[in-house]
file final-v3.cif (mmCIF, C-alpha atoms)
data_run
#
loop_
_atom_site.label_atom_id
_atom_site.label_comp_id
_atom_site.auth_asym_id
_atom_site.auth_seq_id
_atom_site.Cartn_x
_atom_site.Cartn_y
_atom_site.Cartn_z
CA MET P 177 -202.37 -64.15 42.78
CA THR P 178 -199.01 -62.39 42.78
CA ALA P 179 -195.45 -63.10 43.92
CA ASP P 180 -192.61 -60.60 43.80
CA SER P 181 -195.10 -58.15 42.20
CA LYS P 182 -195.45 -60.47 39.18
CA PRO P 183 -198.77 -62.06 38.22
CA VAL P 184 -198.88 -65.82 38.74
CA LEU P 185 -201.19 -68.38 37.17
CA ARG P 186 -201.28 -72.11 37.79
CA LEU P 187 -201.64 -74.18 34.61
CA ALA P 188 -202.40 -77.87 34.27
CA SER P 189 -202.94 -80.40 31.52
CA TRP P 190 -204.55 -83.82 31.83
CA ASN P 191 -205.56 -86.55 29.42
CA ILE P 192 -208.69 -87.82 31.19
CA ARG P 193 -209.33 -90.74 28.77
CA LYS P 194 -213.03 -89.91 28.58
CA ALA P 195 -213.27 -90.44 32.38
CA LEU P 196 -212.22 -94.10 32.10
CA GLY P 197 -210.06 -95.04 35.08
CA THR P 198 -207.40 -97.71 35.42
CA ASP P 199 -210.06 -99.94 37.00
CA LEU P 200 -211.96 -99.65 33.68
CA ARG P 201 -214.79 -97.78 35.39
CA ARG P 202 -216.06 -94.61 33.74
CA ASP P 203 -216.41 -92.15 36.62
CA ALA P 204 -216.75 -88.47 35.71
CA ASP P 205 -217.11 -87.40 39.36
CA ARG P 206 -213.73 -88.95 40.14
CA VAL P 207 -212.16 -86.93 37.31
CA LEU P 208 -213.86 -83.72 38.44
CA ALA P 209 -212.51 -84.24 41.97
CA GLY P 210 -209.03 -84.75 40.47
CA ILE P 211 -209.31 -81.50 38.50
CA ALA P 212 -210.40 -79.62 41.62
CA ALA P 213 -207.43 -81.01 43.55
CA LEU P 214 -205.00 -79.49 41.04
CA GLY P 215 -205.85 -75.98 42.25
CA ALA P 216 -205.16 -74.65 38.75
CA ASP P 217 -206.44 -71.45 37.15
CA ILE P 218 -206.40 -72.91 33.62
CA VAL P 219 -206.68 -76.62 32.78
CA ALA P 220 -206.27 -78.15 29.33
CA LEU P 221 -208.01 -81.50 29.00
CA GLN P 222 -207.49 -84.13 26.36
CA GLU P 223 -210.03 -86.84 25.50
CA ALA P 224 -212.67 -84.68 27.14
CA ASP P 225 -215.29 -85.78 24.59
CA HIS P 226 -216.43 -89.17 23.36
CA ARG P 227 -215.30 -90.09 19.84
CA LEU P 228 -218.55 -91.20 18.21
CA GLY P 229 -221.50 -89.27 16.82
CA ASP P 230 -221.59 -85.62 17.84
CA ARG P 231 -218.74 -86.29 20.31
CA PRO P 232 -220.63 -85.44 23.54
CA SER P 233 -218.69 -84.35 26.60
CA ALA P 234 -217.35 -87.07 28.90
CA LEU P 235 -217.92 -84.72 31.86
CA PRO P 236 -221.32 -83.42 33.00
CA ARG P 237 -221.35 -79.73 32.14
CA ASP P 238 -223.71 -78.86 34.97
CA ARG P 239 -221.24 -80.13 37.57
CA ILE P 240 -217.95 -78.75 36.28
CA VAL P 241 -218.20 -75.32 37.91
CA GLU P 242 -219.80 -76.72 41.07
CA VAL P 243 -217.04 -79.26 41.72
CA THR P 244 -213.92 -77.63 40.23
CA GLY P 245 -214.60 -73.88 40.45
CA LEU P 246 -213.61 -73.68 36.77
CA GLU P 247 -215.71 -72.77 33.76
CA PRO P 248 -215.49 -74.45 30.35
CA LEU P 249 -214.31 -71.97 27.75
CA PRO P 250 -216.50 -71.93 24.61
CA ILE P 251 -214.24 -73.83 22.23
CA GLY P 252 -216.40 -76.92 21.54
CA ARG P 253 -217.17 -78.11 18.04
CA ASN P 254 -220.91 -78.12 18.77
CA ALA P 255 -223.42 -77.71 21.58
CA VAL P 256 -222.71 -81.11 23.17
CA SER P 257 -218.91 -81.23 22.86
CA LEU P 258 -216.70 -79.73 25.55
CA GLY P 259 -213.75 -79.30 23.19
CA TRP P 260 -212.23 -79.61 19.73
CA HIS P 261 -210.90 -83.07 18.83
CA GLY P 262 -211.32 -83.74 22.55
CA ASN P 263 -209.17 -80.73 23.59
CA ALA P 264 -211.03 -78.66 26.18
CA LEU P 265 -210.07 -75.66 28.31
CA LEU P 266 -211.36 -74.88 31.79
CA ALA P 267 -210.59 -71.55 33.48
CA ARG P 268 -211.25 -69.59 36.64
CA PRO P 269 -214.21 -67.21 36.44
CA GLY P 270 -212.99 -63.90 35.08
CA ILE P 271 -210.60 -65.45 32.55
CA ARG P 272 -212.22 -64.90 29.19
CA LEU P 273 -211.57 -65.96 25.63
CA SER P 274 -210.50 -63.08 23.38
CA GLY P 275 -209.33 -65.04 20.32
CA LEU P 276 -209.73 -68.58 19.03
CA GLU P 277 -208.46 -70.76 16.19
CA HIS P 278 -209.32 -74.42 15.69
CA LEU P 279 -206.66 -76.51 13.98
CA ASP P 280 -207.12 -79.83 12.20
CA LEU P 281 -203.68 -81.42 12.39
CA PRO P 282 -202.14 -83.54 9.59
CA GLY P 283 -201.83 -87.32 9.92
CA LEU P 284 -203.81 -90.52 9.46
CA GLU P 285 -205.59 -90.16 12.81
CA PRO P 286 -208.04 -87.33 13.42
CA ARG P 287 -206.09 -84.94 15.66
CA GLY P 288 -206.47 -81.28 16.48
CA ALA P 289 -205.28 -78.32 18.51
CA VAL P 290 -206.83 -75.12 19.80
CA ILE P 291 -205.12 -71.71 19.87
CA ALA P 292 -206.82 -69.57 22.53
CA ASP P 293 -205.97 -65.98 23.43
CA LEU P 294 -207.05 -65.30 27.00
CA ASP P 295 -207.81 -62.23 29.05
CA THR P 296 -205.55 -62.86 32.04
CA PRO P 297 -203.55 -60.48 34.30
CA ALA P 298 -201.19 -60.04 31.32
CA PRO P 299 -201.55 -61.20 27.69
CA LEU P 300 -201.45 -64.99 27.31
CA ARG P 301 -201.96 -67.46 24.48
CA VAL P 302 -202.69 -71.09 25.34
CA VAL P 303 -202.38 -73.85 22.75
CA ALA P 304 -204.11 -77.09 23.78
CA VAL P 305 -202.87 -80.14 21.87
CA HIS P 306 -203.20 -83.89 21.59
CA LEU P 307 -200.64 -85.22 19.12
CA GLY P 308 -200.68 -88.49 17.19
CA LEU P 309 -199.33 -91.92 17.98
CA LEU P 310 -196.74 -91.94 15.15
CA ARG P 311 -193.62 -89.80 15.41
CA VAL P 312 -193.66 -88.89 11.73
CA ALA P 313 -197.17 -87.49 12.24
CA ARG P 314 -196.22 -85.71 15.47
CA ARG P 315 -193.39 -83.90 13.74
CA ARG P 316 -195.72 -82.71 10.99
CA GLN P 317 -198.26 -81.67 13.60
CA LEU P 318 -195.70 -79.60 15.48
CA ASP P 319 -194.73 -77.92 12.20
CA ALA P 320 -198.40 -77.13 11.57
CA ILE P 321 -198.81 -75.62 15.06
CA LYS P 322 -195.70 -73.47 14.65
CA ALA P 323 -196.91 -72.30 11.23
CA ALA P 324 -200.31 -71.40 12.67
CA LEU P 325 -198.72 -69.46 15.52
CA GLY P 326 -196.62 -67.60 12.97
CA ARG P 327 -199.83 -66.21 11.47
CA HIS P 328 -200.75 -64.59 14.79
CA ALA P 329 -199.32 -61.48 16.39
CA ALA P 330 -196.61 -62.29 18.94
CA ARG P 331 -197.98 -63.02 22.41
CA PRO P 332 -196.64 -64.91 25.46
CA THR P 333 -197.54 -68.52 24.67
CA VAL P 334 -197.90 -71.85 26.42
CA ILE P 335 -198.39 -75.10 24.49
CA LEU P 336 -199.61 -77.92 26.67
CA GLY P 337 -201.23 -81.29 26.35
CA ASP P 338 -200.60 -84.92 25.52
CA PHE P 339 -197.66 -84.84 23.10
CA ASN P 340 -197.41 -88.67 23.00
CA GLU P 341 -193.64 -88.18 22.82
CA ARG P 342 -190.85 -89.33 25.14
CA SER P 343 -187.86 -87.76 23.36
CA ARG P 344 -187.19 -84.06 23.86
CA ARG P 345 -184.37 -84.07 21.30
CA VAL P 346 -185.69 -86.23 18.45
CA GLY P 347 -189.44 -86.08 18.84
CA LEU P 348 -189.75 -82.51 20.10
CA GLY P 349 -186.77 -80.96 18.32
CA ARG P 350 -189.05 -79.00 15.99
CA ILE P 351 -190.61 -77.11 18.89
CA ALA P 352 -187.41 -76.58 20.90
CA THR P 353 -186.74 -73.35 19.00
CA PRO P 354 -187.95 -70.73 19.81
CA PHE P 355 -189.84 -72.40 22.68
CA VAL P 356 -188.70 -73.81 26.02
CA ILE P 357 -189.64 -77.41 26.84
CA LEU P 358 -190.40 -77.57 30.54
CA PRO P 359 -188.92 -80.62 32.28
CA THR P 360 -191.82 -82.76 33.45
CA ALA P 361 -192.04 -85.98 35.40
CA PRO P 362 -193.27 -89.20 33.77
CA THR P 363 -197.05 -89.26 33.38
CA TYR P 364 -197.79 -92.60 31.68
CA PRO P 365 -199.01 -95.13 32.60
CA SER P 366 -200.49 -93.49 35.66
CA ARG P 367 -200.14 -96.39 38.09
CA ARG P 368 -196.39 -96.82 37.39
CA PRO P 369 -195.38 -93.86 35.23
CA PHE P 370 -192.12 -94.00 33.29
CA LEU P 371 -192.91 -92.09 30.06
CA PRO P 372 -193.13 -88.25 30.05
CA LEU P 373 -195.81 -88.08 27.34
CA ASP P 374 -197.61 -85.03 28.69
CA ARG P 375 -195.77 -81.75 28.24
CA ILE P 376 -195.75 -78.02 28.83
CA VAL P 377 -193.83 -75.84 26.34
CA HIS P 378 -193.60 -72.06 26.61
CA SER P 379 -192.20 -68.96 24.96
CA PRO P 380 -189.08 -67.44 26.56
CA ASP P 381 -190.96 -64.35 27.76
CA LEU P 382 -192.60 -66.55 30.41
CA GLU P 383 -191.17 -68.30 33.45
CA LEU P 384 -192.71 -71.64 34.43
CA HIS P 385 -191.99 -73.86 37.40
CA PRO P 386 -193.19 -77.48 37.23
CA LEU P 387 -195.09 -78.84 40.22
CA PRO P 388 -195.55 -82.50 41.18
CA PRO P 389 -199.21 -83.56 41.17
CA ASP P 390 -200.51 -85.61 44.07
CA ARG P 391 -201.06 -89.28 43.22
CA ALA P 392 -202.94 -91.62 45.52
CA GLU P 393 -202.06 -95.29 45.56
CA GLY P 394 -204.22 -97.78 43.71
CA HIS P 395 -206.44 -97.19 40.71
CA GLN P 396 -206.26 -93.81 39.00
CA PRO P 397 -209.01 -91.72 37.35
CA SER P 398 -207.16 -91.96 33.99
CA ASP P 399 -204.25 -93.81 32.44
CA HIS P 400 -202.34 -90.48 32.38
CA LEU P 401 -201.24 -88.30 35.27
CA PRO P 402 -201.67 -84.53 34.96
CA VAL P 403 -198.82 -82.04 34.53
CA LEU P 404 -198.86 -78.84 36.54
CA ALA P 405 -196.83 -75.60 36.59
CA ASP P 406 -196.87 -72.07 37.97
CA LEU P 407 -196.48 -69.33 35.36
CA ARG P 408 -195.02 -65.84 35.73
CA TRP P 409 -194.65 -63.16 33.10
CA LEU P 410 -191.11 -61.78 32.77
#
call {"tool": "encode", "arguments": {"input": "final-v3.cif", "output": "structure tokens"}}
result
Amino acid sequence: MTADSKPVLRLASWNIRKALGTDLRRDADRVLAGIAALGADIVALQEADHRLGDRPSALPRDRIVEVTGLEPLPIGRNAVSLGWHGNALLARPGIRLSGLEHLDLPGLEPRGAVIADLDTPAPLRVVAVHLGLLRVARRRQLDAIKAALGRHAARPTVILGDFNERSRRVGLGRIATPFVILPTAPTYPSRRPFLPLDRIVHSPDLELHPLPPDRAEGHQPSDHLPVLADLRWL
């Protein structure tokens, strides 16, 4: 879609906790309905795969397109995983992957990120992340992501995912230059959110406007709320 003759995309990120809701029921259809309700063109998911064995997808592949209108991009670690270290990307039909790098991030926990170049109305790079639980590890992980991006040709970039970090100044200071940290509402815990753990960060050649996601009362499909923003190229 376009506004003021500029292409617009809607981006979202959501830690779906392997489809485990706040009622401790694992309900993939409930998560798929939540993804569809976002109305996004590109969705980064965290904890999209189970942790054990071959890490199979927590969402039924044969229902993703049917329910959400989005297609999984081919970034999985194997034939049964939806993503890499649980990071998955869904996109509207017509948005294609033109470049991909898988990152294993430093730290005691197994964490990763995905750098995906996409064929969109204008060039776009999306980095899907799920950072660690310890700040010292998160800071090293952000350094590793910045170093990896430095090995790529410059391209308008969005970094989004579960940063597990509440402090923009201390915890996210390493990414504040040259990127812009989009102000986002608290996302955790989803029933009474007060921590803004889920983030969208972008390069200054993009303009992003955060959007409030709808949240029904009662139990939620995940312990995180999604973050949502409209993107325009400058």
call {"tool": "residues_near_point", "arguments": {"input": "final-v3.cif", "point": "(-211.0, -65.4, 26.0)", "cutoff": "8 Å", "atoms": "all atoms listed in the file", "output": "JSON, numbers by chain"}}
result
{"P": [249, 271, 272, 273, 274, 275, 276, 292, 293, 294, 295]}
call {"tool": "residues_around", "arguments": {"input": "final-v3.cif", "residues": "Gly197 of chain P", "least_positions_apart": "2", "cutoff": "7 Å", "atoms": "only C-alpha atoms", "output": "list of chain:residue names"}}
result
P:Ala195, P:Asp199, P:Leu200, P:Arg201, P:Arg202, P:Gln396, P:Pro397, P:Ser398, P:Asp399
call {"tool": "closest_residue", "arguments": {"input": "final-v3.cif", "among": "P:Val243, P:Ala324, P:Leu371, P:Ala224", "to": "Trp190 of chain P", "atoms": "only C-alpha atoms"}}
result
P:Ala224
call {"tool": "resolve_selection", "arguments": {"input": "final-v3.cif", "expression": "the PyMOL selection byres ((chain P and resi 383) around 9)", "output": "NGL selection string"}}
result
:P and (378-382 or 384-385 or 406-410)
call {"tool": "write_last_selection", "arguments": {"input": "final-v3.cif", "atoms": "C-alpha atoms", "output": "CSV table (one decimal), in the coordinates of the input"}}
result
chain,number,residue,atom,x,y,z
P,378,HIS,CA,-193.6,-72.1,26.6
P,379,SER,CA,-192.2,-69.0,25.0
P,380,PRO,CA,-189.1,-67.4,26.6
P,381,ASP,CA,-191.0,-64.4,27.8
P,382,LEU,CA,-192.6,-66.6,30.4
P,384,LEU,CA,-192.7,-71.6,34.4
P,385,HIS,CA,-192.0,-73.9,37.4
P,406,ASP,CA,-196.9,-72.1,38.0
P,407,LEU,CA,-196.5,-69.3,35.4
P,408,ARG,CA,-195.0,-65.8,35.7
P,409,TRP,CA,-194.6,-63.2,33.1
P,410,LEU,CA,-191.1,-61.8,32.8
call {"tool": "resolve_selection", "arguments": {"input": "final-v3.cif", "expression": "the PyMOL selection byres ((chain P and resi 223) around 6)", "output": "PyMOL selection string"}}
result
chain P and resi 191-194+222+224-225+262
call {"tool": "write_last_selection", "arguments": {"input": "final-v3.cif", "atoms": "C-alpha atoms", "output": "PDB file, keeping the file's coordinate frame"}}
result
ATOM      1  CA  ASN P 191    -205.560 -86.550  29.420  1.00  0.00           C
ATOM      2  CA  ILE P 192    -208.690 -87.820  31.190  1.00  0.00           C
ATOM      3  CA  ARG P 193    -209.330 -90.740  28.770  1.00  0.00           C
ATOM      4  CA  LYS P 194    -213.030 -89.910  28.580  1.00  0.00           C
ATOM      5  CA  GLN P 222    -207.490 -84.130  26.360  1.00  0.00           C
ATOM      6  CA  ALA P 224    -212.670 -84.680  27.140  1.00  0.00           C
ATOM      7  CA  ASP P 225    -215.290 -85.780  24.590  1.00  0.00           C
ATOM      8  CA  GLY P 262    -211.320 -83.740  22.550  1.00  0.00           C
TER       9      GLY P 262
END
call {"tool": "closest_atom_pairs", "arguments": {"input": "final-v3.cif", "of": "segment 244-320 of chain P", "to": "segment 185-189 of chain P", "cutoff": "10 Å", "atoms": "all atoms listed in the file", "output": "JSON lines"}}
result
{"residue": "P:Ala264", "atom": "CA", "partner": "P:Ser189", "partner_atom": "CA", "distance": 9.8}
{"residue": "P:Leu265", "atom": "CA", "partner": "P:Ser189", "partner_atom": "CA", "distance": 9.1}
{"residue": "P:Leu266", "atom": "CA", "partner": "P:Ala188", "partner_atom": "CA", "distance": 9.8}
{"residue": "P:Ala267", "atom": "CA", "partner": "P:Leu187", "partner_atom": "CA", "distance": 9.4}
{"residue": "P:Thr296", "atom": "CA", "partner": "P:Leu185", "partner_atom": "CA", "distance": 8.7}
{"residue": "P:Pro297", "atom": "CA", "partner": "P:Leu185", "partner_atom": "CA", "distance": 8.7}
{"residue": "P:Val302", "atom": "CA", "partner": "P:Leu187", "partner_atom": "CA", "distance": 9.8}
{"residue": "P:Ala304", "atom": "CA", "partner": "P:Ser189", "partner_atom": "CA", "distance": 8.5}
{"residue": "P:Val305", "atom": "CA", "partner": "P:Ser189", "partner_atom": "CA", "distance": 9.7}
call {"tool": "closest_residue", "arguments": {"input": "final-v3.cif", "among": "P:Leu214, P:Leu348, P:Ala392, P:Leu258", "to": "Asp319 of chain P", "atoms": "only C-alpha atoms"}}
result
P:Leu348
call {"tool": "resolve_selection", "arguments": {"input": "final-v3.cif", "expression": "the PyMOL selection byres ((chain P and resi 339) around 8)", "output": "ChimeraX atom specification"}}
result
/P:305-308,314,337-338,340-341,373-375
call {"tool": "axis_aligned_box", "arguments": {"input": "final-v3.cif", "around": "segment 397-408 of chain P", "padding_each_side": "3 Å", "output": "AutoDock Vina command-line options"}}
result
--center_x -202.0 --center_y -79.8 --center_z 35.2 --size_x 20.0 --size_y 34.0 --size_z 11.6
call {"tool": "residues_around", "arguments": {"input": "final-v3.cif", "residues": "segment 210-212 of chain P", "least_positions_apart": "3", "cutoff": "6 Å", "atoms": "all atoms listed in the file", "output": "list of chain:residue names"}}
result
P:Val207, P:Gly215, P:Thr244
call {"tool": "atom_distance", "arguments": {"input": "final-v3.cif", "atom1": "atom CA of Ala320 of chain P", "atom2": "atom CA of Glu277 of chain P"}}
result
12.8 Å
call {"tool": "atom_distance", "arguments": {"input": "final-v3.cif", "atom1": "atom CA of Thr353 of chain P", "atom2": "atom CA of Pro372 of chain P"}}
result
19.6 Å
call {"tool": "residues_around", "arguments": {"input": "final-v3.cif", "residues": "Leu310 of chain P", "least_positions_apart": "4", "cutoff": "12 Å", "atoms": "only C-alpha atoms", "output": "list in words"}}
result
Pro282, Gly283, Leu284, Glu285, Arg287, Arg314, Arg315, Arg316, Gln317, Phe339, Asn340, Glu341, Arg342 and Gly347 of chain P
call {"tool": "write_last_selection", "arguments": {"input": "final-v3.cif", "atoms": "C-alpha atoms", "output": "JSON list (two decimals), in the coordinates of the input"}}
result
[["chain", "number", "residue", "atom", "x", "y", "z"],
["P", 282, "PRO", "CA", -202.14, -83.54, 9.59],
["P", 283, "GLY", "CA", -201.83, -87.32, 9.92],
["P", 284, "LEU", "CA", -203.81, -90.52, 9.46],
["P", 285, "GLU", "CA", -205.59, -90.16, 12.81],
["P", 287, "ARG", "CA", -206.09, -84.94, 15.66],
["P", 314, "ARG", "CA", -196.22, -85.71, 15.47],
["P", 315, "ARG", "CA", -193.39, -83.90, 13.74],
["P", 316, "ARG", "CA", -195.72, -82.71, 10.99],
["P", 317, "GLN", "CA", -198.26, -81.67, 13.60],
["P", 339, "PHE", "CA", -197.66, -84.84, 23.10],
["P", 340, "ASN", "CA", -197.41, -88.67, 23.00],
["P", 341, "GLU", "CA", -193.64, -88.18, 22.82],
["P", 342, "ARG", "CA", -190.85, -89.33, 25.14],
["P", 347, "GLY", "CA", -189.44, -86.08, 18.84]]
call {"tool": "closest_residue", "arguments": {"input": "final-v3.cif", "among": "P:Leu401, P:Leu325, P:Val256, P:Leu300", "to": "Phe370 of chain P", "atoms": "all atoms listed in the file"}}
result
P:Leu401
call {"tool": "closest_residue", "arguments": {"input": "final-v3.cif", "among": "P:Val219, P:Gly270, P:Arg331, P:Ala209", "to": "Ala405 of chain P", "atoms": "all atoms listed in the file"}}
result
P:Val219
call {"tool": "closest_residue", "arguments": {"input": "final-v3.cif", "among": "P:Leu246, P:Ala213, P:Val290, P:Leu279", "to": "Gly259 of chain P", "atoms": "all atoms listed in the file"}}
result
P:Val290
call {"tool": "closest_residue", "arguments": {"input": "final-v3.cif", "among": "P:Gly349, P:Pro354, P:Pro286, P:Pro402", "to": "Leu387 of chain P", "atoms": "only C-alpha atoms"}}
result
P:Pro402
